[in-house]
Amino acid sequence: MSIDEKEEKKDFIREIIDEDLKTNKFQGRIHTRFPPEPNGYLHIGHAKSINLNYGIAKQYGGKFNMRFDDTNPSKEEQEYVDSIVDDVRWIGGDFEDRLLYASDYFDKMYEWAVQLIKAGKAYVCDLSGDEIRDTRGTLTEPGKDSPYRNRSIEENLDLFERMRKGEFPNGSKTLRAKIDMAAPNVNLRDPIMYRILHESHHRQGDKWCVYPMYDWAHGLEDSIEGITHSICTLEFENHRPLYDWFIDQLGIYHPQQIEFARLNLTYTIVSKRKLLQLVQEKHVSGWDDPRMPTIVGFRRRGYTSESIKVFCDKIGISKKDSIIDVAMLEWSIREELNKTAQRANAVLNPVKVILTNYPEGQVEELQAVNNPEDESAGTRIVPFSREMYIEQEDFREVPPPKYFRLSPGKEVRLRYAYIIKCEKVIKDDKGNIIELHCTYDPTSKSGTPTANRKVKATIHWVSAPHAVSAEVRLYDRLFLKENPDETEEGKTFLDNINPNSLQVLTQCKLEPMLGAAKPGERFQFERMGYFCADIKDSKPGAPVFNRVVTLKDTWAKIEQKDIKR
RNA sequence: UGGGGUGUAGCCAAGUGGUAAGGCAGCGGCCUUUGGAGCCGCCACUCCCAGGUUCGAAUCCUGGCACCCCAGCCA
């Protein structure tokens, strides 16, 4: 990276950090964290956050913590913990040995709660959930003080202790901060610090039956870990006064909370609840379905972590609510794979071609370039014979205007091979094309001095006797609408699911080399797109490929336009 | 209608009183044995609106408008 690039734009958070460094606010330390709740799988929005937090730590020579905000046992599971750790590592967030859990701080938090009670800043409240809601007031009207607000410190201490011991049922009591029931910010109207939850915690077991609420817990977690910049999303902006209040009342180390806009993508949903619903109602095959915007989904689809990082860097950081065009994400993976992916020939929807003037039984070994963007990738040998497969869409019996590919009487080049001419179309009784009889021009062999005749198009092909059969899964956007949540009366985002988001092709014909593809290996199938051998289902000898993303398709655009005219 | 935020191109996003970067998308052209890639060019007389200050305003002031978030014992 050049100096210019290094000094390139700073987002507003880095500007704040630069200022803090200048004023020595945190004695020159930089320490960030990624604090997910283990109640679901990570998605692309989390990738943005990890990239931001880890990126800052790395850039400034600071530290980055992985911390589970596991304060609600009723929603959290070990399965999620495991997957999240895996995902953060895959994205490249290096937390070294700092895999931390908020639940490990429960004792300290409890102590601090006692400290607040002793300071007269917290009280045990017997109001029910409904009563608390009813007395909270509205956005425009102040709330009413709880009748339990002025219990004695001794009574509060006793009650809170008994809450912890399990003497009271769920929902019967809470510990509340004594702030201001008339505060214009409703978060400050005596917020709940602890609720009673007789439930087993995935790490703490049955040690606790009172669990801290987010607002109470989060700042304490940051403070304990010595976080300098606690970066979160915009919806927590309203909570910052509370974050600050708790820390200030306790008089403990005070990190700075900064909020930024969460990521939204067109044609995509990033809501843990809705993602869960897609999985549970089996609209997708699981959290790692290649159509899911989850990290595991992208990973299985064939995205690289580098491309996701590039994407995150590209979109920037701000406080503006935004919806990023998913084309930017697609661009980032194309950009990388164009430079790195080995090229290959694969016919997805085959139609057989017979070269009537090519000697029967003859096989030629042709040389193909592995990656025109990278000379060091070298070349490989592909077999050529009398019978081959080409793509159905590379032949039109009645070619539309500007169609350069094969049609009766027309010529086209077979990539790395010969120019062929379509002489005859063979159909079955129903009129389906089953074979194309062509002739080849022996003087047109690629690489020979007489090969330079120009034809309008070059198409890919796979020699029939050498072809490897494979399953290829064509993925498309999961939703039909840019904003899947935009629905008519009575409909939901589920009604916007793209019924054609997955097309499974089982009769694909691949060049021999592809038969040995290792799971996770990526290729460009020339003229078709980028494909990745499925990490679960693909086996050497029996490959299964996922389409990561198509190539840009100029012809499709031309044809679309002409159809509209 | 209380409080907290945000408004720069179709989508992101720089810009911090000196005359609107960049990327994605789109549109032309060149090149091409991938209709890919690459290369060249075009794409905001104007920054939500209206006033004001100033020699000069996207930037400062005043007043509007629009959109987002908040009334979980979720995070």
# chains A, B, ... in the order shown; residues from 1 in each chain; ligands from 1
call {"tool": "closest_atom_pairs", "arguments": {"of": "chain B", "to": "chain A", "cutoff": "7 Å", "atoms": "only C-alpha atoms (C1' of nucleotides)", "output": "Markdown table"}}
result
| residue | atom | partner | partner_atom | distance |
| --- | --- | --- | --- | --- |
| B:U1 | C1' | A:Thr140 | CA | 6.6 |
| B:G2 | C1' | A:Thr140 | CA | 4.2 |
| B:G3 | C1' | A:Asn185 | CA | 5.1 |
| B:G4 | C1' | A:Asn238 | CA | 5.6 |
| B:U6 | C1' | A:Lys320 | CA | 5.4 |
| B:C11 | C1' | A:Asp325 | CA | 5.4 |
| B:C12 | C1' | A:Ile315 | CA | 5.7 |
| B:A13 | C1' | A:Gly316 | CA | 6.9 |
| B:C24 | C1' | A:Met328 | CA | 5.3 |
| B:U33 | C1' | A:Arg415 | CA | 5.8 |
| B:U34 | C1' | A:Arg527 | CA | 5.0 |
| B:G35 | C1' | A:Trp555 | CA | 5.1 |
| B:G36 | C1' | A:Leu551 | CA | 6.3 |
| B:C68 | C1' | A:Asp321 | CA | 6.8 |
| B:C69 | C1' | A:Glu235 | CA | 5.4 |
| B:C70 | C1' | A:Asn238 | CA | 6.6 |
| B:A71 | C1' | A:Thr138 | CA | 5.2 |
| B:C73 | C1' | A:Arg195 | CA | 5.2 |
| B:A75 | C1' | A:Tyr214 | CA | 6.3 |
call {"tool": "write_last_selection", "arguments": {"atoms": "N, CA and C atoms (P, O5', C5', C4', C3', O3' and C1' of nucleotides)", "output": "short mmCIF file (atom, residue, chain, number, x, y, z; two decimals), in the first residue's frame"}}
result
data_model
loop_
_atom_site.label_atom_id
_atom_site.label_comp_id
_atom_site.auth_asym_id
_atom_site.auth_seq_id
_atom_site.Cartn_x
_atom_site.Cartn_y
_atom_site.Cartn_z
P U B 1 -45.66 17.51 15.08
"O5'" U B 1 -45.77 17.98 16.57
"C5'" U B 1 -46.69 18.63 17.36
"C4'" U B 1 -46.81 17.90 18.68
"C3'" U B 1 -45.48 17.31 19.15
"O3'" U B 1 -44.81 18.23 20.00
"C1'" U B 1 -47.21 15.64 19.23
P G B 2 -43.19 18.27 19.91
"O5'" G B 2 -42.74 17.41 21.16
"C5'" G B 2 -42.75 17.95 22.49
"C4'" G B 2 -41.93 17.07 23.40
"C3'" G B 2 -40.50 16.83 22.93
"O3'" G B 2 -39.63 17.86 23.34
"C1'" G B 2 -41.50 14.76 23.45
P G B 3 -38.35 18.23 22.44
"O5'" G B 3 -37.43 16.95 22.62
"C5'" G B 3 -36.84 16.67 23.88
"C4'" G B 3 -36.14 15.35 23.83
"C3'" G B 3 -35.09 15.20 22.74
"O3'" G B 3 -33.86 15.81 23.09
"C1'" G B 3 -36.44 13.28 22.76
P G B 4 -32.90 16.38 21.91
"O5'" G B 4 -32.33 15.02 21.31
"C5'" G B 4 -31.61 14.12 22.15
"C4'" G B 4 -31.30 12.88 21.37
"C3'" G B 4 -30.57 13.12 20.06
"O3'" G B 4 -29.19 13.33 20.28
"C1'" G B 4 -32.32 11.57 19.72
P U B 6 -26.26 13.52 13.07
"O5'" U B 6 -26.89 13.11 11.67
"C5'" U B 6 -26.65 11.82 11.13
"C4'" U B 6 -27.51 11.61 9.92
"C3'" U B 6 -27.47 12.70 8.88
"O3'" U B 6 -26.28 12.62 8.11
"C1'" U B 6 -29.70 12.06 9.23
P C B 11 -30.69 7.16 -4.96
"O5'" C B 11 -29.67 5.96 -4.84
"C5'" C B 11 -30.12 4.64 -4.57
"C4'" C B 11 -28.94 3.78 -4.22
"C3'" C B 11 -28.05 4.36 -3.14
"O3'" C B 11 -28.56 4.08 -1.85
"C1'" C B 11 -26.70 3.65 -4.93
P C B 12 -28.12 4.96 -0.63
"O5'" C B 12 -26.66 4.45 -0.38
"C5'" C B 12 -25.65 5.32 0.05
"C4'" C B 12 -24.34 4.59 0.02
"C3'" C B 12 -23.19 5.39 0.57
"O3'" C B 12 -23.10 5.23 1.97
"C1'" C B 12 -22.61 4.62 -1.56
P A B 13 -22.92 6.51 2.90
"O5'" A B 13 -21.59 7.17 2.31
"C5'" A B 13 -20.37 6.43 2.29
"C4'" A B 13 -19.34 7.22 1.55
"C3'" A B 13 -19.13 8.63 2.07
"O3'" A B 13 -18.27 8.57 3.20
"C1'" A B 13 -19.26 8.65 -0.30
P C B 24 -15.75 1.15 -10.12
"O5'" C B 24 -17.22 0.80 -9.60
"C5'" C B 24 -17.42 -0.30 -8.73
"C4'" C B 24 -18.87 -0.40 -8.34
"C3'" C B 24 -19.85 -0.44 -9.51
"O3'" C B 24 -19.95 -1.73 -10.07
"C1'" C B 24 -20.64 1.08 -7.90
P U B 33 -8.60 -11.57 -31.01
"O5'" U B 33 -9.23 -13.03 -30.78
"C5'" U B 33 -10.62 -13.16 -30.67
"C4'" U B 33 -10.94 -14.30 -29.74
"C3'" U B 33 -10.16 -14.29 -28.44
"O3'" U B 33 -11.04 -14.65 -27.40
"C1'" U B 33 -9.93 -16.38 -29.53
P U B 34 -11.49 -13.52 -26.38
"O5'" U B 34 -12.35 -14.37 -25.37
"C5'" U B 34 -13.18 -15.43 -25.87
"C4'" U B 34 -14.37 -15.56 -24.96
"C3'" U B 34 -15.10 -14.24 -24.71
"O3'" U B 34 -16.49 -14.50 -24.58
"C1'" U B 34 -14.35 -15.14 -22.67
P G B 35 -17.50 -13.93 -25.68
"O5'" G B 35 -17.94 -12.52 -25.14
"C5'" G B 35 -17.19 -11.35 -25.44
"C4'" G B 35 -18.09 -10.15 -25.29
"C3'" G B 35 -18.82 -10.13 -23.95
"O3'" G B 35 -19.05 -8.77 -23.58
"C1'" G B 35 -20.37 -10.29 -25.72
P G B 36 -18.04 -8.05 -22.58
"O5'" G B 36 -17.49 -9.12 -21.55
"C5'" G B 36 -18.30 -9.57 -20.47
"C4'" G B 36 -17.42 -10.24 -19.45
"C3'" G B 36 -16.31 -9.37 -18.87
"O3'" G B 36 -16.77 -8.57 -17.79
"C1'" G B 36 -15.40 -11.42 -19.54
P C B 68 -39.39 6.72 7.75
"O5'" C B 68 -38.08 6.44 8.60
"C5'" C B 68 -37.08 5.56 8.12
"C4'" C B 68 -35.93 5.56 9.08
"C3'" C B 68 -36.27 5.23 10.52
"O3'" C B 68 -36.41 3.84 10.72
"C1'" C B 68 -34.86 7.11 10.48
P C B 69 -37.38 3.29 11.86
"O5'" C B 69 -36.57 3.62 13.18
"C5'" C B 69 -35.33 2.97 13.45
"C4'" C B 69 -34.78 3.50 14.75
"C3'" C B 69 -35.74 3.45 15.92
"O3'" C B 69 -35.76 2.16 16.49
"C1'" C B 69 -34.70 5.56 15.86
P C B 70 -37.09 1.64 17.17
"O5'" C B 70 -37.11 2.45 18.54
"C5'" C B 70 -36.13 2.19 19.53
"C4'" C B 70 -36.36 3.12 20.69
"C3'" C B 70 -37.76 3.09 21.27
"O3'" C B 70 -37.86 2.03 22.21
"C1'" C B 70 -37.04 5.34 21.00
P A B 71 -39.15 1.11 22.23
"O5'" A B 71 -40.07 1.92 23.24
"C5'" A B 71 -39.69 2.07 24.61
"C4'" A B 71 -40.87 2.49 25.42
"C3'" A B 71 -42.12 1.62 25.26
"O3'" A B 71 -42.04 0.49 26.12
"C1'" A B 71 -42.71 3.89 25.08
P C B 73 -39.69 -3.69 29.79
"O5'" C B 73 -38.95 -4.80 30.67
"C5'" C B 73 -37.56 -5.00 30.53
"C4'" C B 73 -37.20 -6.38 30.97
"C3'" C B 73 -37.85 -7.47 30.14
"O3'" C B 73 -36.90 -8.53 30.05
"C1'" C B 73 -38.45 -7.74 32.40
P A B 75 -30.98 -8.14 27.08
"O5'" A B 75 -30.09 -7.91 25.79
"C5'" A B 75 -29.62 -9.01 25.02
"C4'" A B 75 -29.13 -8.49 23.69
"C3'" A B 75 -28.10 -7.37 23.79
"O3'" A B 75 -26.79 -7.89 23.93
"C1'" A B 75 -29.80 -6.73 22.29
#
call {"tool": "residues_around", "arguments": {"residues": "A58 (chain B)", "least_positions_apart": "6", "cutoff": "9 Å", "atoms": "only C-alpha atoms (C1' of nucleotides)", "output": "VMD selection string"}}
result
chain B and resid 8 15 20 46 to 47
call {"tool": "residues_around", "arguments": {"residues": "Gly409 (chain A)", "least_positions_apart": "2", "cutoff": "8 Å", "atoms": "only C-alpha atoms (C1' of nucleotides)", "output": "list of chain:residue names"}}
result
A:Ser407, A:Glu411, A:Lys421, A:Cys422, A:Glu423
call {"tool": "atom_distance", "arguments": {"atom1": "C1' of U62 (chain B)", "atom2": "C1' of U19 (chain B)"}}
result
24.4 Å
call {"tool": "select_by_dssp", "arguments": {"residues": "region 188-384 of chain A", "states": "helix (DSSP H, G or I)", "output": "ChimeraX atom specification"}}
result
/A:188,214-225,234-250,272-280,295-301,305-315,326-340,375-377
